[in-house]
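Colleague: See query_8.tsv below, with TSV, C-alpha atoms.
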chain	number	residue	atom	x	y	z
A	15	MET	CA	-11.09	1.83	23.33
A	16	SER	CA	-10.05	1.03	26.89
A	17	PRO	CA	-6.37	1.00	27.91
A	18	GLN	CA	-6.51	-2.80	28.18
A	19	ASP	CA	-8.07	-3.14	24.73
A	20	LEU	CA	-5.34	-0.94	23.29
A	21	ARG	CA	-2.67	-3.06	24.96
A	22	ASP	CA	-4.26	-6.28	23.67
A	23	TRP	CA	-4.42	-4.94	20.12
A	24	LEU	CA	-0.81	-3.75	20.12
A	25	HIS	CA	0.37	-7.04	21.59
A	26	LEU	CA	-1.46	-9.04	18.92
A	27	LEU	CA	-0.32	-6.93	15.98
A	28	ALA	CA	3.30	-6.81	17.19
A	29	SER	CA	3.43	-10.58	17.66
A	30	VAL	CA	1.92	-12.17	14.54
A	31	SER	CA	1.50	-11.48	10.84
A	32	ARG	CA	-1.55	-9.70	9.47
A	33	GLY	CA	-2.86	-12.99	8.12
A	34	GLY	CA	-2.34	-14.75	11.44
A	35	ALA	CA	-4.04	-11.94	13.35
A	36	ARG	CA	-6.99	-12.02	10.95
A	37	ARG	CA	-7.43	-15.78	11.42
A	38	LEU	CA	-7.28	-15.46	15.20
A	39	LEU	CA	-9.82	-12.64	15.25
A	40	ALA	CA	-12.14	-14.58	12.93
A	41	ARG	CA	-12.15	-17.45	15.42
A	42	HIS	CA	-12.15	-15.56	18.73
A	43	GLY	CA	-13.62	-12.14	17.95
A	44	SER	CA	-11.27	-9.79	19.82
A	45	PRO	CA	-7.60	-9.57	20.84
A	46	GLY	CA	-8.59	-10.02	24.50
A	47	ALA	CA	-10.39	-13.26	23.67
A	48	VAL	CA	-7.41	-14.36	21.59
A	49	HIS	CA	-5.06	-13.95	24.55
A	50	GLN	CA	-7.48	-15.74	26.88
A	51	ALA	CA	-7.76	-18.68	24.46
A	52	GLY	CA	-4.08	-19.51	24.88
A	53	ARG	CA	-2.09	-21.94	22.77
A	54	SER	CA	-4.88	-24.48	22.72
A	55	GLY	CA	-7.13	-21.93	21.05
A	56	TRP	CA	-4.53	-20.96	18.45
A	57	GLY	CA	-4.07	-24.49	17.10
A	58	GLY	CA	-3.72	-24.61	13.33
A	59	LEU	CA	-3.80	-20.83	12.98
A	60	LEU	CA	-0.20	-19.88	13.81
A	61	ASP	CA	3.25	-21.27	13.23
A	62	ALA	CA	5.45	-22.03	16.24
A	63	GLY	CA	7.34	-18.73	16.06
A	64	ASP	CA	4.19	-16.59	16.03
A	65	ALA	CA	2.68	-18.65	18.85
A	66	ASP	CA	5.79	-18.16	20.98
A	67	ARG	CA	5.76	-14.41	20.40
A	68	LEU	CA	2.06	-14.15	21.18
A	69	ALA	CA	2.39	-16.22	24.36
A	70	ARG	CA	4.64	-13.66	26.03
A	71	PRO	CA	4.53	-9.84	25.99
A	72	HIS	CA	6.87	-8.18	23.53
A	73	ALA	CA	9.83	-6.48	25.21
A	74	ASP	CA	8.80	-3.15	23.70
A	75	LEU	CA	5.07	-3.51	24.47
A	76	ASP	CA	4.92	-1.15	27.48
A	77	ALA	CA	6.84	1.56	25.63
A	78	ARG	CA	4.65	1.08	22.54
A	79	VAL	CA	1.50	1.49	24.62
A	80	ARG	CA	2.88	4.67	26.20
A	81	ARG	CA	3.84	6.12	22.81
A	82	THR	CA	0.40	5.37	21.41
A	83	GLU	CA	-1.41	6.88	24.38
A	84	ALA	CA	0.77	9.98	24.20
A	85	TRP	CA	0.07	10.35	20.48
A	86	LEU	CA	-3.69	10.00	21.00
A	87	ALA	CA	-3.58	12.59	23.77
A	88	GLY	CA	-1.76	15.03	21.50
A	89	GLY	CA	-4.89	16.24	19.68
A	90	ASP	CA	-8.65	15.76	19.62
A	91	ARG	CA	-8.51	14.99	15.89
A	92	ARG	CA	-6.48	11.83	16.49
A	93	SER	CA	-8.17	8.43	16.72
A	94	ILE	CA	-7.81	4.74	15.99
A	95	LEU	CA	-10.02	2.86	13.54
A	96	LEU	CA	-10.43	-0.91	13.92
A	97	LEU	CA	-11.50	-3.39	11.27
A	98	GLY	CA	-14.80	-4.11	13.02
A	99	ASP	CA	-15.77	-0.47	13.64
A	100	PRO	CA	-19.09	0.59	12.05
A	101	ASP	CA	-17.46	3.45	10.12
A	102	TYR	CA	-14.68	1.31	8.64
A	103	PRO	CA	-14.75	2.23	4.90
A	104	ASN	CA	-16.57	-0.44	2.94
A	105	PRO	CA	-14.35	-0.21	-0.19
A	106	LEU	CA	-11.26	-0.97	1.91
A	107	LEU	CA	-13.09	-3.74	3.76
A	108	GLN	CA	-13.75	-5.48	0.45
A	109	THR	CA	-10.07	-5.75	-0.49
A	110	ALA	CA	-7.95	-8.87	-0.03
A	111	ASP	CA	-5.86	-7.46	2.82
A	112	PRO	CA	-7.70	-4.72	4.75
A	113	PRO	CA	-5.68	-3.19	7.61
A	114	LEU	CA	-6.74	-4.38	11.05
A	115	MET	CA	-5.93	-1.05	12.73
A	116	LEU	CA	-5.52	2.44	11.31
A	117	TYR	CA	-4.19	5.55	13.05
A	118	LEU	CA	-6.07	8.67	11.92
A	119	GLU	CA	-5.46	12.38	12.28
A	120	GLY	CA	-7.92	14.86	10.82
A	121	ARG	CA	-11.33	14.52	9.21
A	122	ARG	CA	-12.20	10.88	9.85
A	123	GLU	CA	-15.41	11.27	7.83
A	124	LEU	CA	-13.39	11.56	4.61
A	125	LEU	CA	-12.87	7.78	4.70
A	126	ASN	CA	-16.51	7.30	3.80
A	127	THR	CA	-16.72	9.79	0.94
A	128	ARG	CA	-16.07	9.12	-2.74
A	129	CYS	CA	-12.31	8.89	-3.29
A	130	VAL	CA	-9.97	8.72	-6.28
A	131	ALA	CA	-6.24	8.02	-6.00
A	132	VAL	CA	-3.82	10.32	-7.84
A	133	VAL	CA	-0.28	8.92	-7.97
A	134	GLY	CA	2.85	9.21	-10.04
A	135	SER	CA	6.53	9.95	-10.32
A	136	ARG	CA	8.61	11.41	-7.51
A	137	GLN	CA	10.51	13.37	-10.16
A	138	PRO	CA	7.79	14.59	-12.49
A	139	SER	CA	8.18	16.85	-15.45
A	140	ALA	CA	6.77	20.37	-15.24
A	141	LEU	CA	3.81	19.17	-17.31
A	142	GLY	CA	3.28	16.19	-15.00
A	143	ASP	CA	3.21	18.45	-11.95
A	144	GLU	CA	0.73	20.74	-13.71
A	145	ASN	CA	-1.49	17.81	-14.70
A	146	ALA	CA	-1.49	16.40	-11.16
A	147	ARG	CA	-2.65	19.75	-9.78
A	148	HIS	CA	-5.25	20.23	-12.51
A	149	PHE	CA	-6.88	16.83	-12.07
A	150	ALA	CA	-6.65	16.82	-8.26
A	151	ALA	CA	-8.22	20.27	-8.02
A	152	GLY	CA	-10.92	19.29	-10.50
A	153	LEU	CA	-11.78	16.12	-8.59
A	154	GLY	CA	-11.84	18.03	-5.31
A	155	GLU	CA	-14.15	20.71	-6.69
A	156	THR	CA	-16.67	18.03	-7.68
A	157	GLY	CA	-16.65	16.76	-4.09
A	158	ILE	CA	-14.40	13.74	-4.68
A	159	CYS	CA	-11.61	13.22	-2.13
A	160	VAL	CA	-8.10	12.84	-3.57
A	161	VAL	CA	-6.02	10.03	-2.02
A	162	SER	CA	-2.25	9.80	-2.37
A	163	GLY	CA	0.91	8.85	-0.47
A	164	LEU	CA	2.53	12.16	0.61
A	165	ALA	CA	5.60	11.36	-1.51
A	166	GLN	CA	7.61	13.95	-3.38
A	167	GLY	CA	6.46	14.92	-6.84
A	168	ILE	CA	3.01	13.96	-8.08
A	169	ASP	CA	1.70	12.92	-4.64
A	170	GLY	CA	2.59	16.23	-3.01
A	171	ALA	CA	1.21	18.25	-5.93
A	172	ALA	CA	-2.10	16.34	-5.78
A	173	HIS	CA	-2.46	16.86	-2.01
A	174	GLU	CA	-1.71	20.57	-2.27
A	175	ALA	CA	-4.21	21.11	-5.08
A	176	ALA	CA	-7.04	19.19	-3.39
A	177	LEU	CA	-6.47	20.29	0.22
A	178	ASN	CA	-8.78	23.33	0.20
A	179	THR	CA	-11.42	21.95	-2.17
A	180	PRO	CA	-14.82	20.57	-1.05
A	181	GLY	CA	-13.59	17.00	-1.61
A	182	GLY	CA	-10.44	17.35	0.47
A	183	THR	CA	-7.51	14.96	0.52
A	184	ILE	CA	-6.27	11.84	2.35
A	185	ALA	CA	-2.55	11.09	2.75
A	186	VAL	CA	-1.68	7.45	3.46
A	187	LEU	CA	1.67	7.25	5.25
A	188	GLY	CA	4.43	4.68	4.99
A	189	THR	CA	5.57	5.62	8.51
A	190	GLY	CA	3.99	5.79	11.93
A	191	PRO	CA	1.37	8.54	12.35
A	192	ASP	CA	3.86	10.73	14.23
A	193	LYS	CA	6.50	10.67	11.47
A	194	VAL	CA	6.65	12.48	8.14
A	195	TYR	CA	8.52	11.29	5.08
A	196	PRO	CA	9.96	13.06	3.21
A	197	LEU	CA	10.94	15.66	5.79
A	198	GLY	CA	10.26	18.40	3.29
A	199	HIS	CA	6.55	17.62	3.54
A	200	GLU	CA	6.24	18.37	7.27
A	201	ASP	CA	4.25	21.55	6.64
A	202	LEU	CA	2.05	19.82	4.10
A	203	ALA	CA	1.37	16.95	6.52
A	204	ARG	CA	0.46	19.42	9.25
A	205	HIS	CA	-2.04	21.14	6.96
A	206	ILE	CA	-3.52	17.80	5.87
A	207	GLY	CA	-3.91	16.79	9.54
A	208	ARG	CA	-5.95	19.97	10.11
A	209	ARG	CA	-8.03	20.15	6.94
A	210	GLY	CA	-7.75	16.68	5.41
A	211	LEU	CA	-6.86	13.27	6.85
A	212	LEU	CA	-3.59	11.47	7.62
A	213	VAL	CA	-3.81	7.67	7.70
A	214	SER	CA	-1.26	5.07	8.83
A	215	GLU	CA	-1.34	1.39	9.73
A	216	TYR	CA	2.12	1.49	11.31
A	217	PHE	CA	2.84	1.73	15.03
A	218	VAL	CA	3.54	5.13	16.52
A	219	GLY	CA	7.28	5.77	16.20
A	220	THR	CA	7.76	3.65	13.05
A	221	PRO	CA	10.45	5.31	10.87
A	222	PRO	CA	10.42	5.29	7.05
A	223	VAL	CA	11.32	1.73	6.03
A	224	PRO	CA	11.45	0.96	2.27
A	225	THR	CA	9.29	-2.17	2.53
A	226	ASN	CA	6.46	-0.23	4.18
A	227	PHE	CA	5.68	1.92	1.15
A	228	PRO	CA	4.56	-0.79	-1.31
A	229	LEU	CA	2.32	-2.19	1.45
A	230	ARG	CA	0.75	1.19	2.16
A	231	ASN	CA	-0.06	1.48	-1.56
A	232	ARG	CA	-2.74	-1.21	-1.16
A	233	ILE	CA	-4.56	1.18	1.22
A	234	ILE	CA	-4.37	4.02	-1.31
A	235	ALA	CA	-5.85	1.71	-3.93
A	236	GLY	CA	-8.40	0.18	-1.56
A	237	LEU	CA	-9.87	3.48	-0.38
A	238	SER	CA	-10.41	4.69	-3.93
A	239	GLU	CA	-12.93	3.87	-6.62
A	240	GLY	CA	-10.37	4.71	-9.29
A	241	CYS	CA	-6.63	5.28	-9.60
A	242	LEU	CA	-5.20	7.98	-11.87
A	243	VAL	CA	-1.52	7.55	-12.79
A	244	VAL	CA	-0.20	10.92	-13.95
A	245	GLU	CA	3.40	9.99	-14.78
A	246	ALA	CA	5.33	6.81	-14.00
A	247	ALA	CA	8.53	5.12	-15.03
A	248	MET	CA	8.45	1.46	-16.01
A	249	LYS	CA	9.81	0.42	-12.63
A	250	SER	CA	7.84	2.40	-10.06
A	251	GLY	CA	5.60	2.13	-7.03
A	252	SER	CA	2.84	3.85	-9.02
A	253	LEU	CA	2.49	0.80	-11.26
A	254	ILE	CA	2.23	-1.40	-8.17
A	255	THR	CA	-0.57	0.85	-6.88
A	256	ALA	CA	-2.30	0.63	-10.26
A	257	ARG	CA	-2.08	-3.15	-10.22
A	258	GLN	CA	-3.42	-3.32	-6.69
A	259	ALA	CA	-6.30	-1.04	-7.70
A	260	SER	CA	-7.08	-3.28	-10.65
A	261	GLU	CA	-6.97	-6.42	-8.50
A	262	ALA	CA	-9.45	-4.75	-6.14
A	263	GLY	CA	-11.83	-4.12	-9.04
A	264	ARG	CA	-11.13	-0.40	-9.30
A	265	GLU	CA	-10.86	1.54	-12.54
A	266	VAL	CA	-7.33	2.47	-13.63
A	267	PHE	CA	-6.68	5.71	-15.53
A	268	ALA	CA	-3.49	6.93	-17.18
A	269	ILE	CA	-2.42	10.18	-18.81
A	270	PRO	CA	-0.38	9.73	-22.01
A	271	GLY	CA	2.82	11.69	-22.54
A	272	PRO	CA	5.75	12.10	-24.93
A	273	ILE	CA	6.75	8.72	-26.33
A	274	HIS	CA	10.44	9.09	-25.45
A	275	ALA	CA	9.99	10.48	-21.93
A	276	PRO	CA	10.91	7.96	-19.19
A	277	GLN	CA	8.09	9.30	-17.00
A	278	SER	CA	5.55	8.38	-19.71
A	279	LYS	CA	6.56	4.77	-20.29
A	280	GLY	CA	4.68	3.39	-17.27
A	281	CYS	CA	1.47	5.19	-18.26
A	282	HIS	CA	1.79	3.93	-21.83
A	283	HIS	CA	2.24	0.39	-20.51
A	284	LEU	CA	-0.97	0.73	-18.49
A	285	LEU	CA	-2.83	2.03	-21.54
A	286	LYS	CA	-1.69	-0.99	-23.56
A	287	GLN	CA	-3.07	-3.19	-20.79
A	288	GLY	CA	-6.51	-1.56	-21.02
A	289	ALA	CA	-6.38	1.38	-18.62
A	290	CYS	CA	-8.64	4.31	-19.47
A	291	LEU	CA	-6.88	7.03	-21.43
A	292	VAL	CA	-7.44	10.41	-19.78
A	293	GLN	CA	-6.98	13.72	-21.54
A	294	SER	CA	-9.48	15.80	-19.57
A	295	LEU	CA	-11.29	15.75	-16.26
A	296	GLU	CA	-14.47	14.83	-18.15
A	297	ASP	CA	-12.75	11.68	-19.46
A	298	LEU	CA	-12.12	10.60	-15.89
A	299	LEU	CA	-15.48	11.56	-14.41
A	300	SER	CA	-17.42	9.87	-17.21
A	301	GLU	CA	-15.88	6.51	-16.28
A	302	LEU	CA	-16.75	6.81	-12.58
A	303	PRO	CA	-20.28	5.52	-11.92
A	304	VAL	CA	-22.53	7.90	-10.07
A	305	GLY	CA	-22.58	7.19	-6.35
A	306	GLY	CA	-20.48	4.06	-6.18
A	307	LEU	CA	-17.55	1.89	-7.14
A	308	PRO	CA	-17.22	0.61	-10.69
A	309	ARG	CA	-18.73	-2.82	-11.27
A	310	ASN	CA	-16.53	-3.91	-14.15
A	311	GLU	CA	-14.08	-6.74	-13.69
A	312	ALA	CA	-10.48	-5.94	-12.84
A	313	LEU	CA	-8.05	-5.48	-15.69
A	314	ALA	CA	-5.48	-8.21	-16.05
A	315	LEU	CA	-2.58	-5.82	-15.64
A	316	GLU	CA	0.75	-7.49	-16.14
A	317	GLU	CA	4.14	-6.51	-14.83
A	318	PRO	CA	5.86	-4.08	-17.22
A	319	PRO	CA	8.40	-5.74	-19.50
A	320	GLN	CA	11.96	-4.85	-18.77
A	321	ALA	CA	13.61	-2.68	-21.39
A	322	PRO	CA	16.57	-4.41	-23.10
A	323	ARG	CA	19.99	-3.04	-22.35
A	324	SER	CA	21.75	-1.79	-25.46
A	325	ALA	CA	25.32	-2.79	-26.16
A	326	PRO	CA	27.72	-0.51	-28.05
A	327	ASN	CA	26.99	-0.58	-31.79
A	328	SER	CA	24.00	-2.79	-31.03
A	329	ALA	CA	22.43	-2.06	-34.40
A	330	SER	CA	25.13	-4.05	-36.18
A	331	ALA	CA	26.10	-6.49	-33.45
A	332	PRO	CA	24.95	-10.11	-33.88
A	333	LYS	CA	22.45	-11.43	-31.37
A	334	ALA	CA	24.09	-13.31	-28.54
A	335	ALA	CA	22.87	-16.75	-27.65
A	336	ALA	CA	20.43	-16.73	-24.79
A	337	GLY	CA	22.29	-17.34	-21.57
A	338	PRO	CA	20.98	-18.74	-18.31
A	339	ASP	CA	18.53	-16.66	-16.33
A	340	PRO	CA	20.63	-15.09	-13.54
A	341	ALA	CA	17.65	-15.26	-11.20
A	342	LYS	CA	16.93	-18.96	-11.84
A	343	ASP	CA	18.97	-20.06	-8.83
A	344	HIS	CA	17.83	-17.26	-6.53
A	345	PRO	CA	17.15	-18.86	-3.13
A	346	LEU	CA	13.74	-17.24	-2.76
A	347	LEU	CA	12.64	-18.39	-6.21
A	348	ARG	CA	13.71	-21.90	-5.30
A	349	ALA	CA	11.76	-21.60	-2.05
A	350	ILE	CA	8.62	-20.53	-3.92
A	351	GLY	CA	9.00	-23.33	-6.46
A	352	GLN	CA	5.98	-23.85	-8.68
A	353	GLU	CA	3.47	-23.20	-5.90
A	354	THR	CA	1.52	-20.22	-4.68
A	355	VAL	CA	2.88	-19.45	-1.21
A	356	SER	CA	2.07	-17.02	1.57
A	357	LEU	CA	4.58	-14.68	3.17
A	358	GLU	CA	4.47	-16.79	6.33
A	359	GLU	CA	5.19	-20.01	4.43
A	360	LEU	CA	8.03	-18.37	2.54
A	361	SER	CA	9.51	-17.05	5.77
A	362	GLN	CA	9.47	-20.56	7.21
A	363	ARG	CA	11.00	-22.12	4.11
A	364	SER	CA	13.76	-19.55	3.66
A	365	GLY	CA	14.51	-18.66	7.27
A	366	TRP	CA	15.13	-15.06	6.14
A	367	PRO	CA	14.51	-12.10	8.49
A	368	GLN	CA	11.20	-10.37	7.75
A	369	ASP	CA	12.69	-7.04	6.61
A	370	GLU	CA	15.19	-8.69	4.27
A	371	LEU	CA	12.50	-11.01	2.93
A	372	ASN	CA	10.10	-8.16	2.14
A	373	ALA	CA	12.80	-6.06	0.48
A	374	THR	CA	13.99	-8.93	-1.73
A	375	LEU	CA	10.46	-9.92	-2.70
A	376	LEU	CA	9.83	-6.34	-3.83
A	377	ASP	CA	12.98	-6.43	-5.99
A	378	LEU	CA	11.92	-9.74	-7.55
A	379	GLU	CA	8.41	-8.37	-8.15
A	380	LEU	CA	9.66	-5.21	-9.85
A	381	ASP	CA	12.06	-7.27	-11.97
A	382	GLY	CA	9.15	-9.41	-13.15
A	383	HIS	CA	10.29	-12.70	-11.56
A	384	ILE	CA	7.35	-13.08	-9.18
A	385	ALA	CA	3.74	-11.92	-8.94
A	386	ARG	CA	2.13	-10.69	-5.74
A	387	LEU	CA	-1.40	-12.06	-5.60
A	388	PRO	CA	-4.38	-10.93	-3.45
A	389	GLY	CA	-4.11	-12.12	0.14
A	390	ALA	CA	-0.32	-11.57	0.35
A	391	LEU	CA	0.42	-14.64	-1.79
A	392	PHE	CA	3.37	-15.00	-4.15
A	393	GLN	CA	3.89	-16.97	-7.34
A	394	ARG	CA	6.74	-17.29	-9.82
A	395	ARG	CA	6.19	-15.78	-13.24
A	396	ARG	CA	6.89	-17.70	-16.40
A	397	ARG	CA	9.83	-16.12	-18.18
A	398	ALA	CA	9.70	-15.89	-21.98
So that I can check it, write out the structure of this file as structure tokens.

Modeller:
Amino acid sequence: MSPQDLRDWLHLLASVSRGGARRLLARHGSPGAVHQAGRSGWGGLLDAGDADRLARPHADLDARVRRTEAWLAGGDRRSILLLGDPDYPNPLLQTADPPLMLYLEGRRELLNTRCVAVVGSRQPSALGDENARHFAAGLGETGICVVSGLAQGIDGAAHEAALNTPGGTIAVLGTGPDKVYPLGHEDLARHIGRRGLLVSEYFVGTPPVPTNFPLRNRIIAGLSEGCLVVEAAMKSGSLITARQASEAGREVFAIPGPIHAPQSKGCHHLLKQGACLVQSLEDLLSELPVGGLPRNEALALEEPPQAPRSAPNSASAPKAAAGPDPAKDHPLLRAIGQETVSLEELSQRSGWPQDELNATLLDLELDGHIARLPGALFQRRRRA
């Protein structure tokens, strides 16, 4: 990639949404051609705000280019992967929202090997940690690459167990490629960068922002032909990853646990929805087709029901009359209405800043008020 190409890509991705950038590239072919087309060539593809931002260089563009060039120069194992590159992984390409640009450090060839995601709780039980290591090591020894998110708990255990196996491991970051979160995983990230692969879609210098992590989960799911959930609470990012894997047509696996353990409730919910019950490595491997992605249709995984809150002496207390839904008048739910809307449309309707909008949408999704559909679309859920 030439310096001008890099500048054009960073300008495009910093100026417009992923959907807007994808539409522009579909029409014009490259960021350079997009910029040359001007406003007349963007007609119908961008809203006024995105068009204004794209028409003039971002104030931080020069510094962003310098940071990116410095990062690339910091090691011969660092590179950038673009959506149109010949070695872009086909499983990720087939998802609803493939990243347009990925920053890579390590063994780039791992992207085109067989991969399985191993995810779970950030606060696992001792048995959960042991299971994560057992299954990750077993997958790695068979030559399957283990993909996870470098988080505390299950993610870190899976990376550590798979790192020195033939399959190796891929860590998908929720930060820029030069940042590590949590800080306690700096050594682990350094080892993965040498013997495995670090992947990020975020600009160099991007700090850990809460809204980035659910978005990075779609990459974990998209790279993998199956997703194993080791332990998960009812309200967790692991269930979002499992849903995204299912929507992408991947197999979802879950390990059962003690019925009263909070870390088991998410896995049990997935099993009720039709996920494959896993008790041994053979259970998992037998459901993965030889040499390719599963061909079965995606499971219709629903959002986990919210556990009722118990009142004192609830066993003898009479049932209260159903009150109004406290979220019924939420401004974002009103903005969505009864339609299916994109993030861009919702931003226009609500006028909310992007970071606040993303954070609130995640809360509404986890609380079961909205559904996130393929293609970054949102829809209200019917409440019982």

Colleague: Report the distance between atom CA of A:Met248 and atom CA of A:Ser135 in Å, rounded to one decimal place.

Modeller: 10.4 Å

Colleague: Nearest to A:Ile234: which of A:Leu38, A:Leu376, A:Val130, A:Val266 is it, counting only C-alpha atoms?

Modeller: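 Smallest separation from A:Ile234 among the options: A:Val130.
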
Colleague: Please list as a PyMOL selection string every residue within 6 Å of A:Gln277, counting only C-alpha atoms and excluding residues in the same chain fewer than 2 positions away.

Modeller: chain A and resi 245-247+275+279

Colleague: A:Leu177: which residues within 7 Å, counting only C-alpha atoms, same-chain residues fewer than 2 positions away excluded, as an mmCIF file with C-alpha atoms, in the frame of the given file?

Modeller:
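Listed below is the output, result07.cif:
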data_model
loop_
_atom_site.group_PDB
_atom_site.id
_atom_site.type_symbol
_atom_site.label_atom_id
_atom_site.label_comp_id
_atom_site.auth_asym_id
_atom_site.auth_seq_id
_atom_site.Cartn_x
_atom_site.Cartn_y
_atom_site.Cartn_z
ATOM 1 C CA HIS A 173 -2.460 16.860 -2.010
ATOM 2 C CA GLU A 174 -1.710 20.570 -2.270
ATOM 3 C CA ALA A 175 -4.210 21.110 -5.080
ATOM 4 C CA THR A 179 -11.420 21.950 -2.170
ATOM 5 C CA GLY A 182 -10.440 17.350 0.470
ATOM 6 C CA THR A 183 -7.510 14.960 0.520
ATOM 7 C CA ILE A 206 -3.520 17.800 5.870
ATOM 8 C CA ARG A 209 -8.030 20.150 6.940
ATOM 9 C CA GLY A 210 -7.750 16.680 5.410
#

Colleague: Between A:Ser93, A:Gln50, A:Gly55, A:Val79, which is the closest to A:Trp23 once you count only C-alpha atoms?

Modeller: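 For A:Trp23, the nearest of the candidates is A:Val79.
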
Colleague: Compare A:Ala185, A:Gly52, A:Pro221, A:Glu215 by their minimum atom-to-atom distance to A:Asp66, counting all atoms listed in the file, and give me the closest one.

Modeller: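 The answer is A:Gly52, which sits nearest to A:Asp66.
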
Colleague: What is the distance between atom CA of A:Leu116 and atom CA of A:Arg147, in Å to one decimal?

Modeller: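 A separation of 27.4 Å between them.
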
Colleague: Could you tell me how far atom CA of A:Glu265 sits from atom CA of A:Leu302, in Å to one decimal place?

Modeller: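 Distance reported for this atom pair: 7.9 Å.
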
Colleague: Please provide as a list of chain:residue names all residues within 7 Å of A:Val160, with the sequence filter that same-chain residues fewer than 5 positions apart are discarded (counting only C-alpha atoms).

Modeller: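 Neighbouring residues, sequence-local ones excluded: A:Cys129, A:Val130, A:Ala131, A:Val132, A:Ala150, A:Gly154, A:Ala176, A:Gly182, A:Thr183, A:Ile184.
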
Colleague: Residues at most 9 Å from A:Leu60, counting all atoms listed in the file, excluding those fewer than 4 positions away in the same chain, as a list in words?

Modeller: Val30, Gly34, Ala35, Arg37, Leu38, Trp56, Asp64 and Ala65 of chain A

Colleague: At a cut-off of 7 Å from (11.1, -13.3, -0.5) in the coordinates of the file, what residues are picked up using only C-alpha atoms, written as a list in words?

Modeller: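 Counting only C-alpha atoms, I find these residues within 7 Å of (11.1, -13.3, -0.5): Leu346, Leu360, Leu371, Asn372, Thr374 and Leu375 of chain A.
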
Colleague: Print the selection's residues with C-alpha atoms to a file, as a PDB file, in the coordinates of the input.

Modeller:
ATOM      1  CA  LEU A 346      13.740 -17.240  -2.760  1.00  0.00           C
ATOM      2  CA  LEU A 360       8.030 -18.370   2.540  1.00  0.00           C
ATOM      3  CA  LEU A 371      12.500 -11.010   2.930  1.00  0.00           C
ATOM      4  CA  ASN A 372      10.100  -8.160   2.140  1.00  0.00           C
ATOM      5  CA  THR A 374      13.990  -8.930  -1.730  1.00  0.00           C
ATOM      6  CA  LEU A 375      10.460  -9.920  -2.700  1.00  0.00           C
TER       7      LEU A 375
END

Colleague: Which of these residues is nearest to A:Leu378, using all atoms listed in the file: A:Gln393, A:Thr220, A:Gln166, A:Ser361?

Modeller: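 Of the candidates, the smallest distance to A:Leu378 is held by A:Gln393.
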
Colleague: Would you mind listing what lies within 8 Å of A:Tyr216 as a ChimeraX atom specification, with only C-alpha atoms counted and same-chain residues fewer than 6 positions away left out?

Modeller: /A:116-117,188-191

Colleague: Got time to write the residues from that selection, C-alpha atoms, as an mmCIF file, in the frame of the given file?

Modeller:
data_model
loop_
_atom_site.group_PDB
_atom_site.id
_atom_site.type_symbol
_atom_site.label_atom_id
_atom_site.label_comp_id
_atom_site.auth_asym_id
_atom_site.auth_seq_id
_atom_site.Cartn_x
_atom_site.Cartn_y
_atom_site.Cartn_z
ATOM 1 C CA LEU A 116 -5.520 2.440 11.310
ATOM 2 C CA TYR A 117 -4.190 5.550 13.050
ATOM 3 C CA GLY A 188 4.430 4.680 4.990
ATOM 4 C CA THR A 189 5.570 5.620 8.510
ATOM 5 C CA GLY A 190 3.990 5.790 11.930
ATOM 6 C CA PRO A 191 1.370 8.540 12.350
#

Colleague: Tell me which of A:Pro113, A:Pro228, A:Gly142, A:Pro17 sits closest to A:Leu86, counting only C-alpha atoms.

Modeller: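 Going through A:Pro113, A:Pro228, A:Gly142, A:Pro17 one by one, the smallest distance to A:Leu86 is for A:Pro17.
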
Colleague: Nearest to A:Val194: which of A:Pro222, A:Val213, A:Gly167, A:Leu141 is it, counting all atoms listed in the file?

Modeller: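 The closest residue to A:Val194 is A:Pro222.
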
Colleague: Using only C-alpha atoms, collect all residues at a distance of at most 12 Å from (4.8, -22.0, -4.5) as written in the file, then present them as a ChimeraX atom specification.

Modeller: /A:346-357,359-360,363,384-387,391-395

Colleague: Step by step: locate stretch 226-244 of chain A in the block above, keep C-alpha atoms, then write the file as a CSV table (one decimal), in the first residue's frame.

Modeller:
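Output contents, as saved in result-v5.csv:
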chain,number,residue,atom,x,y,z
A,226,ASN,CA,-15.8,-1.5,20.7
A,227,PHE,CA,-15.9,-4.9,22.3
A,228,PRO,CA,-19.3,-6.1,21.2
A,229,LEU,CA,-18.4,-5.0,17.6
A,230,ARG,CA,-15.1,-6.9,17.7
A,231,ASN,CA,-17.1,-10.0,18.7
A,232,ARG,CA,-18.5,-10.2,15.2
A,233,ILE,CA,-14.9,-10.7,13.9
A,234,ILE,CA,-14.3,-13.5,16.4
A,235,ALA,CA,-17.5,-15.2,15.3
A,236,GLY,CA,-16.9,-14.5,11.6
A,237,LEU,CA,-13.4,-16.0,11.5
A,238,SER,CA,-14.5,-19.2,13.1
A,239,GLU,CA,-16.5,-22.2,11.8
A,240,GLY,CA,-17.8,-22.8,15.3
A,241,CYS,CA,-18.1,-21.0,18.6
A,242,LEU,CA,-17.6,-22.8,22.0
A,243,VAL,CA,-19.0,-21.0,25.0
A,244,VAL,CA,-17.3,-22.4,28.1
